[in-house]
Structure formats: structure tokens, C-alpha cells
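Undergrad: This is input.txt (compact mmCIF, C-alpha atoms and all ligand atoms).
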# COMPACT_ATOMS: atom_id res chain seq x y z
CA MET G 28 -5.31 -7.22 32.26
CA GLU G 29 -6.59 -5.21 35.25
CA PRO G 30 -9.53 -2.91 34.44
CA VAL G 31 -8.46 0.56 33.31
CA PRO G 32 -8.14 2.72 36.46
CA GLU G 33 -10.85 5.30 37.13
CA ALA G 34 -8.32 8.12 36.91
CA VAL G 35 -7.53 7.10 33.32
CA LEU G 36 -11.19 6.59 32.33
CA ALA G 37 -11.85 10.09 33.66
CA ARG G 38 -9.64 11.50 30.88
CA LEU G 39 -12.04 10.17 28.22
CA THR G 40 -15.18 12.05 27.16
CA PRO G 41 -18.41 10.78 28.80
CA GLU G 42 -19.39 9.00 25.56
CA GLU G 43 -16.00 7.30 25.21
CA ARG G 44 -16.00 6.44 28.87
CA ALA G 45 -19.44 4.80 28.57
CA PHE G 46 -18.14 2.69 25.68
CA ALA G 47 -14.93 1.77 27.53
CA THR G 48 -16.85 0.75 30.64
CA GLY G 49 -18.74 -1.81 28.55
CA GLU G 50 -15.50 -3.39 27.31
CA ARG G 51 -13.33 -5.85 29.23
CA GLY G 52 -9.67 -6.89 29.49
CA ARG G 53 -7.30 -6.08 26.66
CA ARG G 54 -10.02 -4.50 24.52
CA GLN G 55 -10.83 -1.97 27.25
CA ILE G 56 -7.17 -1.08 27.67
CA GLU G 57 -6.62 -0.73 23.91
CA TYR G 58 -9.77 1.31 23.35
CA ALA G 59 -8.93 3.75 26.14
CA GLY G 60 -5.29 3.99 25.02
CA GLY G 61 -6.28 4.65 21.42
CA ARG G 62 -8.74 7.40 22.34
CA LEU G 63 -6.21 9.09 24.63
CA ALA G 64 -3.53 8.86 21.93
CA ALA G 65 -5.90 10.41 19.36
CA ARG G 66 -6.81 13.26 21.69
CA ALA G 67 -3.12 13.93 22.41
CA ALA G 68 -2.35 13.95 18.66
CA ALA G 69 -5.25 16.35 18.02
CA GLN G 70 -4.03 18.66 20.77
CA ALA G 71 -0.59 18.67 19.18
CA LEU G 72 -2.36 20.07 16.09
CA GLY G 73 -4.01 22.69 18.30
CA VAL G 74 -7.43 21.02 18.10
CA ASP G 75 -9.60 20.11 21.07
CA TRP G 76 -12.30 17.76 19.91
CA GLY G 77 -15.25 15.95 21.43
CA PRO G 78 -15.87 12.21 21.59
CA LEU G 79 -14.17 10.10 18.94
CA MET G 80 -17.01 7.77 18.06
CA THR G 81 -16.85 4.51 16.11
CA GLY G 82 -18.44 3.91 12.69
CA GLU G 83 -20.39 0.85 11.55
CA GLU G 84 -17.24 -0.86 10.29
CA ARG G 85 -15.29 0.06 13.44
CA GLU G 86 -13.64 3.05 11.76
CA PRO G 87 -12.86 6.02 14.05
CA LEU G 88 -15.10 8.98 13.22
CA GLY G 89 -13.05 12.15 13.56
CA PRO G 90 -14.67 15.59 13.46
CA VAL G 91 -15.40 17.18 10.07
CA GLY G 92 -12.16 18.37 8.49
CA PHE G 93 -9.94 15.79 10.21
CA THR G 94 -8.72 12.28 9.55
CA VAL G 95 -7.67 9.99 12.36
CA SER G 96 -6.27 6.48 12.59
CA ILE G 97 -5.48 4.32 15.60
CA THR G 98 -3.38 1.23 16.27
CA HIS G 99 -2.69 -0.63 19.48
CA LYS G 100 -0.81 -3.67 20.60
CA ASN G 101 -0.73 -4.85 24.24
CA ASP G 102 1.45 -2.13 25.76
CA LEU G 103 1.26 0.67 23.22
CA ALA G 104 -1.45 2.73 21.50
CA ILE G 105 -0.60 5.18 18.74
CA ALA G 106 -2.77 7.59 16.77
CA LEU G 107 -2.24 9.66 13.67
CA VAL G 108 -4.33 12.79 13.16
CA ALA G 109 -4.28 15.22 10.23
CA ARG G 110 -6.43 17.77 8.46
CA ASP G 111 -8.26 15.87 5.74
CA ALA G 112 -7.69 18.32 2.89
CA GLU G 113 -4.80 16.03 1.97
CA GLY G 114 -6.70 12.73 2.19
CA CYS G 115 -7.09 10.09 4.89
CA VAL G 116 -4.43 8.58 7.13
CA GLY G 117 -3.90 5.00 8.28
CA ILE G 118 -1.50 3.66 10.86
CA ASP G 119 -0.54 0.14 11.96
CA LEU G 120 1.88 -1.25 14.49
CA GLU G 121 3.18 -4.80 14.09
CA GLY G 122 5.73 -6.96 15.87
CA ASP G 123 5.75 -8.65 19.24
CA GLY G 124 8.93 -10.65 18.89
CA ARG G 125 7.18 -13.73 17.45
CA ALA G 126 7.86 -14.72 13.87
CA ARG G 127 4.50 -15.81 12.40
CA LEU G 128 5.58 -17.07 9.01
CA SER G 129 2.41 -19.17 8.73
CA ILE G 130 0.49 -16.00 7.77
CA ALA G 131 2.85 -15.21 4.87
CA SER G 132 0.64 -16.74 2.18
CA LYS G 133 -2.39 -14.82 3.46
CA VAL G 134 -0.61 -11.47 3.72
CA CYS G 135 1.44 -11.64 0.51
CA ARG G 136 0.41 -11.64 -3.11
CA PRO G 137 2.03 -14.49 -5.09
CA GLU G 138 4.84 -12.26 -6.43
CA GLU G 139 5.58 -11.01 -2.90
CA LEU G 140 5.61 -14.54 -1.56
CA LEU G 141 8.21 -15.57 -4.15
CA GLU G 142 10.42 -12.72 -2.93
CA VAL G 143 9.98 -13.71 0.70
CA GLU G 144 10.74 -17.36 -0.01
CA ALA G 145 14.03 -16.42 -1.69
CA LEU G 146 15.26 -14.57 1.43
CA PRO G 147 17.57 -16.01 4.09
CA GLU G 148 15.54 -17.51 6.95
CA GLN G 149 16.04 -14.64 9.42
CA GLU G 150 14.89 -12.02 6.89
CA LYS G 151 11.63 -13.73 5.98
CA TRP G 152 9.46 -12.64 8.89
CA PRO G 153 10.58 -8.96 8.87
CA SER G 154 9.70 -8.84 5.18
CA VAL G 155 6.22 -10.30 5.82
CA MET G 156 5.72 -8.13 8.91
CA VAL G 157 6.42 -4.92 6.99
CA ARG G 158 3.91 -5.91 4.31
CA PHE G 159 1.39 -6.81 6.98
CA ALA G 160 1.77 -3.45 8.73
CA VAL G 161 1.65 -1.40 5.53
CA LYS G 162 -1.38 -3.28 4.19
CA GLU G 163 -3.37 -2.84 7.41
CA ALA G 164 -2.48 0.87 7.40
CA VAL G 165 -3.59 1.01 3.76
CA TYR G 166 -6.89 -0.58 4.71
CA LYS G 167 -7.53 2.02 7.41
CA ALA G 168 -6.61 4.94 5.10
CA VAL G 169 -8.50 3.71 2.02
CA PHE G 170 -11.61 2.34 3.74
CA PRO G 171 -13.29 5.78 4.17
CA PHE G 172 -13.17 6.21 0.35
CA VAL G 173 -14.35 2.75 -0.71
CA ARG G 174 -16.51 1.78 2.27
CA HIS G 175 -16.09 -1.97 1.76
CA PHE G 176 -13.78 -4.68 3.05
CA PHE G 177 -10.76 -5.55 0.89
CA GLY G 178 -8.19 -8.19 1.73
CA PHE G 179 -4.41 -8.41 1.63
CA GLN G 180 -4.36 -9.41 -2.04
CA ALA G 181 -5.60 -5.89 -2.88
CA ALA G 182 -2.15 -4.37 -2.41
CA SER G 183 1.49 -5.16 -2.94
CA VAL G 184 4.31 -3.48 -1.06
CA ASP G 185 7.73 -2.88 -2.56
CA VAL G 186 9.97 -3.25 0.47
CA HIS G 187 13.01 -2.13 -1.56
CA ASP G 188 11.43 1.17 -2.52
CA GLY G 189 10.37 2.87 0.72
CA ALA G 190 7.40 0.49 1.14
CA ARG G 191 5.81 1.78 -2.06
CA VAL G 192 2.25 0.51 -2.42
CA THR G 193 0.46 -0.69 -5.55
CA LEU G 194 -3.29 -1.14 -5.19
CA TYR G 195 -5.50 -3.71 -6.91
CA LEU G 196 -8.99 -2.53 -6.03
CA PRO G 197 -12.18 -3.30 -7.96
CA ALA G 198 -12.64 -1.13 -11.07
CA GLU G 199 -15.74 0.55 -9.56
CA ASP G 200 -13.68 1.98 -6.67
CA PRO G 201 -12.11 5.43 -6.99
CA VAL G 202 -8.50 5.43 -8.19
CA MET G 203 -6.37 6.10 -5.13
CA VAL G 204 -2.92 7.57 -4.61
CA VAL G 205 -1.20 6.06 -1.58
CA GLU G 206 1.95 7.28 0.15
CA SER G 207 3.58 5.19 2.87
CA GLU G 208 6.28 5.57 5.47
CA LEU G 209 7.87 3.16 7.94
CA GLU G 210 9.27 3.82 11.39
CA TRP G 211 11.12 1.06 13.24
CA ILE G 212 10.39 1.40 16.96
CA ASN G 213 12.95 -1.31 17.69
CA PRO G 214 14.41 -4.09 15.51
CA GLU G 215 11.29 -6.24 16.05
CA ARG G 216 8.55 -3.63 15.89
CA VAL G 217 7.50 -1.52 12.97
CA LEU G 218 5.01 1.30 12.53
CA ALA G 219 3.50 1.83 9.08
CA MET G 220 1.91 5.17 8.24
CA VAL G 221 -0.11 5.73 5.10
CA ARG G 222 -1.88 8.63 3.48
CA ALA G 223 -4.48 7.92 0.80
CA LYS G 224 -6.21 10.38 -1.47
CA LYS G 225 -8.35 10.15 -4.57
CA LYS G 226 -6.42 10.57 -7.78
CA ARG G 227 -7.53 13.70 -9.58
CA VAL G 228 -8.88 12.87 -12.98
CA PHE G 229 -8.86 15.81 -15.39
CA PRO G 230 -11.44 15.70 -18.18
CA SER G 231 -9.87 15.49 -21.62
CA PRO G 232 -10.21 18.75 -23.58
C1 LIG K 1 -9.32 -3.55 10.74
C2 LIG K 1 -7.86 -4.03 10.91
C3 LIG K 1 -7.00 -3.39 9.83
C4 LIG K 1 -7.38 -3.58 12.31
O1 LIG K 1 -6.01 -3.90 12.49
P1 LIG K 1 -5.49 -4.71 13.78
O2 LIG K 1 -4.04 -4.97 13.60
O3 LIG K 1 -6.40 -5.85 14.01
O4 LIG K 1 -5.70 -3.73 15.02
P2 LIG K 1 -5.05 -2.30 15.30
O5 LIG K 1 -4.92 -2.18 16.77
O6 LIG K 1 -3.85 -2.02 14.48
O7 LIG K 1 -6.20 -1.31 14.79
C5 LIG K 1 -7.45 -1.24 15.45
C6 LIG K 1 -8.06 0.08 15.06
O8 LIG K 1 -8.26 0.11 13.66
C7 LIG K 1 -9.28 1.04 13.41
N1 LIG K 1 -10.20 0.47 12.43
C8 LIG K 1 -10.92 -0.64 12.54
N2 LIG K 1 -11.66 -0.82 11.43
C9 LIG K 1 -11.38 0.20 10.60
C10 LIG K 1 -11.86 0.58 9.32
N3 LIG K 1 -12.79 -0.14 8.66
N4 LIG K 1 -11.37 1.70 8.76
C11 LIG K 1 -10.46 2.46 9.40
N5 LIG K 1 -9.98 2.16 10.65
C12 LIG K 1 -10.45 1.04 11.22
C13 LIG K 1 -9.99 1.33 14.73
O9 LIG K 1 -9.65 2.64 15.15
C14 LIG K 1 -9.42 0.29 15.66
O10 LIG K 1 -9.24 0.71 16.99
P3 LIG K 1 -10.48 1.04 17.95
O11 LIG K 1 -11.49 -0.03 17.71
O12 LIG K 1 -9.92 1.07 19.32
O13 LIG K 1 -10.98 2.39 17.48
C15 LIG K 1 -7.74 -5.59 10.81
O14 LIG K 1 -8.39 -6.20 11.91
C16 LIG K 1 -8.36 -6.16 9.55
O15 LIG K 1 -9.56 -6.43 9.46
N6 LIG K 1 -7.52 -6.43 8.50
C17 LIG K 1 -7.98 -7.04 7.28
C18 LIG K 1 -8.20 -5.99 6.20
C19 LIG K 1 -6.88 -5.55 5.64
O16 LIG K 1 -5.98 -5.19 6.38
N7 LIG K 1 -6.76 -5.61 4.33
C20 LIG K 1 -5.52 -5.29 3.68
C21 LIG K 1 -5.78 -4.35 2.55
S1 LIG K 1 -4.38 -4.17 1.48
How does the structure come out when it is put into C-alpha cells?
TA:
Amino acid sequence: MEPVPEAVLARLTPEERAFATGERGRRQIEYAGGRLAARAAAQALGVDWGPLMTGEEREPLGPVGFTVSITHKNDLAIALVARDAEGCVGIDLEGDGRARLSIASKVCRPEELLEVEALPEQEKWPSVMVRFAVKEAVYKAVFPFVRHFFGFQAASVDVHDGARVTLYLPAEDPVMVVESELEWINPERVLAMVRAKKKRVFPSP
């Protein structure tokens, strides 16, 4: 938990650097790592952007025309960047080797919990962890459209069908289409990537 070295802070924009300097410990490391990951992802798209500021609900504010999402965990920061014509992206990394089954009832909807409980002991946590990762990625991708907090009961994840997501948002929210993808970094660590867009509603003739 040493402070981020000057040489690393120097790779941030002045605005990001000012923010990072005000942070301490793990938060400073994660913030700097996330911003550097986002800039690297943008450059891979051929885009060189300015400071990646933070919105009122902690959402990353990419430049007009782009969607960006960040996740970090101790030793690793990952960002997903895309052009936003196709909707908003969300990314989440979960898994640090600890099985935290006590969070299962918070993360899972009742029907998901029944499935988890029926699994052999060693398969329970991976099943919860995948749902956890996908749901947090869903939150990050859907938040820009709904602009309010929604909890883990607002989605279910079909772990047998490519982590397919079903959303249960309030009726006043736009109807969303969500695509999801998983990447296992190692057997204990999973990355969930989500793209959310508004469902097109065609007026009846
Ligand atoms: C916001 C939340 C998803 C962040 O996840 P986390 O595992 O704690 O942390 P991660 O490292 O993966 O992600 C942190 C990044 O998320 C992003 N983020 C935070 N709030 C966000 C929001 N409202 N919208 C989009 N992205 C957001 C930020 O980029 C942040 O990094 P930064 O502060 O360095 O920029 C989580 O703390 C949370 O509140 N979860 C409850 C809501 C939820 O997941 N509901 C499930 C819906 S089905």
C-alpha cells in the first residue's frame, strides 16, 4: 500500500493526478490503475482523450461518443472502452480466492439461490461469484440509462446459458437489452463484460 510512484502519477492527466493525489492507500492505487487502463483501452481504439472525470454517482464520464467502464481489485485494473452508438458497457472483476458464501442471499434472487443451494459444495461459490460479477457489470452498463441505484434483485443470471441476463427494473425505466460475456482469468477469478442498450420500440401502425 505504498503511495503510487511519481513516475506513474505523471502518466495521468493533471486533473486525474490532482484527484489521485487526494486519495490514499488502495483507493489511490485503484484509481490510478483504472484511469491508466482506460487510457490504454482508448488508445487501442485510436482515441486519445483528456481527463476521465467522475460523475455524481461515481460513474466514469467518458468523452461524447464513447462509453467506458472500469474495475479493479488489489493487483489488477481493467477497463472496457467502446463507441457508444451500440450502447453502454460495464465490466466487473471478481474472485480473490476466498469463498464468501455468506453474500449468496444478497446477490441472488430466490430462484437463483435455490439453484445454488442444490449444487455440490465446491460449485456453490463459483456460481454466486459469476452472478455477482455479471450483476455489478450490469449495474455499471445500465446506470447511465436509468440514473438511479438498483440492487442485486433487479437481475437474474442464467449461468447455464452464457450468463444470460434477465432484468427486473421499475416499469418507469427504459426497457433495456443486455448482452453479457464471461472471461475466466484463472479458475478463481472471473471477468464479466456487459453491453446494455435501450430496446427499440416501434410504434404500432
Ligand atoms: C458501484 C459498484 C458496482 C462498483 O463495483 P465494485 O466491485 O465495488 O468495484 P469495481 O472496482 O469493480 O468498480 C469500481 C468502478 O466502478 C465504476 N462505477 C462506480 N459507480 C458507477 C456507476 N454508478 N455507474 C457506472 N460505473 C460506476 C467506477 O469507474 C469505479 O472505479 P473508479 O471510482 O476508480 O472510477 C458496487 O460498489 C455497487 O454499488 N454495487 C451495488 C449495485 C449493483 O451492483 N447492483 C446490481 C444490479 S443487478
Undergrad: List all protein, DNA and RNA residues that have any atom at most 8 Å from ligand LIG 1 (chain K), counting all atoms listed in the file, and write the list as a PDB file with C-alpha atoms, keeping the file's coordinate frame.
TA:
ATOM      1  CA  ARG G  54     -10.020  -4.500  24.520  1.00  0.00           C
ATOM      2  CA  GLU G  57      -6.620  -0.730  23.910  1.00  0.00           C
ATOM      3  CA  TYR G  58      -9.770   1.310  23.350  1.00  0.00           C
ATOM      4  CA  ALA G  59      -8.930   3.750  26.140  1.00  0.00           C
ATOM      5  CA  GLY G  60      -5.290   3.990  25.020  1.00  0.00           C
ATOM      6  CA  GLY G  61      -6.280   4.650  21.420  1.00  0.00           C
ATOM      7  CA  ARG G  62      -8.740   7.400  22.340  1.00  0.00           C
ATOM      8  CA  THR G  81     -16.850   4.510  16.110  1.00  0.00           C
ATOM      9  CA  GLU G  84     -17.240  -0.860  10.290  1.00  0.00           C
ATOM     10  CA  ARG G  85     -15.290   0.060  13.440  1.00  0.00           C
ATOM     11  CA  GLU G  86     -13.640   3.050  11.760  1.00  0.00           C
ATOM     12  CA  PRO G  87     -12.860   6.020  14.050  1.00  0.00           C
ATOM     13  CA  SER G  96      -6.270   6.480  12.590  1.00  0.00           C
ATOM     14  CA  ILE G  97      -5.480   4.320  15.600  1.00  0.00           C
ATOM     15  CA  THR G  98      -3.380   1.230  16.270  1.00  0.00           C
ATOM     16  CA  HIS G  99      -2.690  -0.630  19.480  1.00  0.00           C
ATOM     17  CA  LYS G 100      -0.810  -3.670  20.600  1.00  0.00           C
ATOM     18  CA  ALA G 104      -1.450   2.730  21.500  1.00  0.00           C
ATOM     19  CA  GLY G 117      -3.900   5.000   8.280  1.00  0.00           C
ATOM     20  CA  ILE G 118      -1.500   3.660  10.860  1.00  0.00           C
ATOM     21  CA  ASP G 119      -0.540   0.140  11.960  1.00  0.00           C
ATOM     22  CA  LEU G 120       1.880  -1.250  14.490  1.00  0.00           C
ATOM     23  CA  GLU G 121       3.180  -4.800  14.090  1.00  0.00           C
ATOM     24  CA  VAL G 134      -0.610 -11.470   3.720  1.00  0.00           C
ATOM     25  CA  PHE G 159       1.390  -6.810   6.980  1.00  0.00           C
ATOM     26  CA  ALA G 160       1.770  -3.450   8.730  1.00  0.00           C
ATOM     27  CA  VAL G 161       1.650  -1.400   5.530  1.00  0.00           C
ATOM     28  CA  LYS G 162      -1.380  -3.280   4.190  1.00  0.00           C
ATOM     29  CA  GLU G 163      -3.370  -2.840   7.410  1.00  0.00           C
ATOM     30  CA  ALA G 164      -2.480   0.870   7.400  1.00  0.00           C
ATOM     31  CA  VAL G 165      -3.590   1.010   3.760  1.00  0.00           C
ATOM     32  CA  TYR G 166      -6.890  -0.580   4.710  1.00  0.00           C
ATOM     33  CA  LYS G 167      -7.530   2.020   7.410  1.00  0.00           C
ATOM     34  CA  ALA G 168      -6.610   4.940   5.100  1.00  0.00           C
ATOM     35  CA  VAL G 169      -8.500   3.710   2.020  1.00  0.00           C
ATOM     36  CA  PHE G 170     -11.610   2.340   3.740  1.00  0.00           C
ATOM     37  CA  PRO G 171     -13.290   5.780   4.170  1.00  0.00           C
ATOM     38  CA  ARG G 174     -16.510   1.780   2.270  1.00  0.00           C
ATOM     39  CA  HIS G 175     -16.090  -1.970   1.760  1.00  0.00           C
ATOM     40  CA  PHE G 176     -13.780  -4.680   3.050  1.00  0.00           C
ATOM     41  CA  PHE G 177     -10.760  -5.550   0.890  1.00  0.00           C
ATOM     42  CA  GLY G 178      -8.190  -8.190   1.730  1.00  0.00           C
ATOM     43  CA  PHE G 179      -4.410  -8.410   1.630  1.00  0.00           C
ATOM     44  CA  GLN G 180      -4.360  -9.410  -2.040  1.00  0.00           C
ATOM     45  CA  ALA G 181      -5.600  -5.890  -2.880  1.00  0.00           C
ATOM     46  CA  ALA G 182      -2.150  -4.370  -2.410  1.00  0.00           C
ATOM     47  CA  SER G 183       1.490  -5.160  -2.940  1.00  0.00           C
ATOM     48  CA  LEU G 194      -3.290  -1.140  -5.190  1.00  0.00           C
TER      49      LEU G 194
END
Undergrad: Give the answer as one residue: which of G:Arg191, G:Arg127, G:Arg44, G:Arg158 has the shortest atom-to-atom distance to Glu142 in chain G, using all atoms listed in the file?
TA: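 Comparing G:Arg191, G:Arg127, G:Arg44, G:Arg158 against Glu142 in chain G, the winner is G:Arg158.
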Undergrad: Would you list the residues near (-5.9, 12.2, 5.5) (no more than 8 Å away, in the coordinates of the file, using all atoms listed in the file) as a list in words?
TA: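 Residues lying no farther than 8 Å from the given point: Phe93, Thr94, Val95, Val108, Ala109, Arg110, Asp111, Ala112, Glu113, Gly114, Cys115, Val116, Gly117, Ala168, Arg222, Ala223 and Lys224 of chain G.
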Undergrad: Rounded to one decimal place, report the CA of Arg51 in chain G-CA of Asn101 in chain G distance in Å.
TA: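 Going from CA of Arg51 in chain G over to CA of Asn101 in chain G, I get 13.6 Å.
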Undergrad: Please provide the set of residues having any atom within 7 Å of range 74-78 of chain G, restricted to all atoms listed in the file, with same-chain residues fewer than 6 positions apart removed, written as a list in words.
TA: Thr40, Glu42 and Glu43 of chain G
Undergrad: Could you check which of G:Ala126, G:Val228, G:Val186, G:Glu50 is closest to Pro201 in chain G, using all atoms listed in the file?
TA: G:Val228
Undergrad: Between G:Pro32, G:Gly73, G:Ala145, G:Arg136, which residue has the minimum interatomic distance to Thr193 in chain G, considering all atoms listed in the file?
TA: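 Smallest separation from Thr193 in chain G among the options: G:Arg136.
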Undergrad: Just to confirm, what's the straight-line distance from CA of Val155 in chain G to CA of Lys225 in chain G in Å (one decimal)?
TA: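 Between these atoms lies a distance of 27.2 Å.
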Undergrad: Quick one: distance from CA of Val204 in chain G to CA of Pro232 in chain G in Å, one decimal?
TA: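 Pair CA of Val204 in chain G / CA of Pro232 in chain G returns 23.2 Å.
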Undergrad: When distances are computed from all atoms listed in the file, which of G:Ile56, G:Val143, G:Ala106, G:Leu36 shows the smallest separation from Gln70 in chain G?
TA: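 Of G:Ile56, G:Val143, G:Ala106, G:Leu36, the one nearest Gln70 in chain G, counting all atoms listed in the file, is G:Ala106.
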Undergrad: What's the 9 Å shell around Arg216 in chain G, counting only C-alpha atoms, without same-chain residues fewer than 5 positions away, as a ChimeraX atom specification?
TA: /G:120-124,156,210-211
Undergrad: Here is a test: counting all atoms listed in the file, which residue of G:Ala71, G:Leu79, G:Met203, G:Val221 is nearest to Leu39 in chain G?
TA: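 Comparing G:Ala71, G:Leu79, G:Met203, G:Val221 against Leu39 in chain G, the winner is G:Leu79.
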Undergrad: Would you mind telling me which residue in G:Val184, G:Leu103, G:Val173, G:Met220 lies nearest to Pro137 in chain G when using all atoms listed in the file?
TA: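 Answer, going by the shortest atom-to-atom distance: G:Val184.
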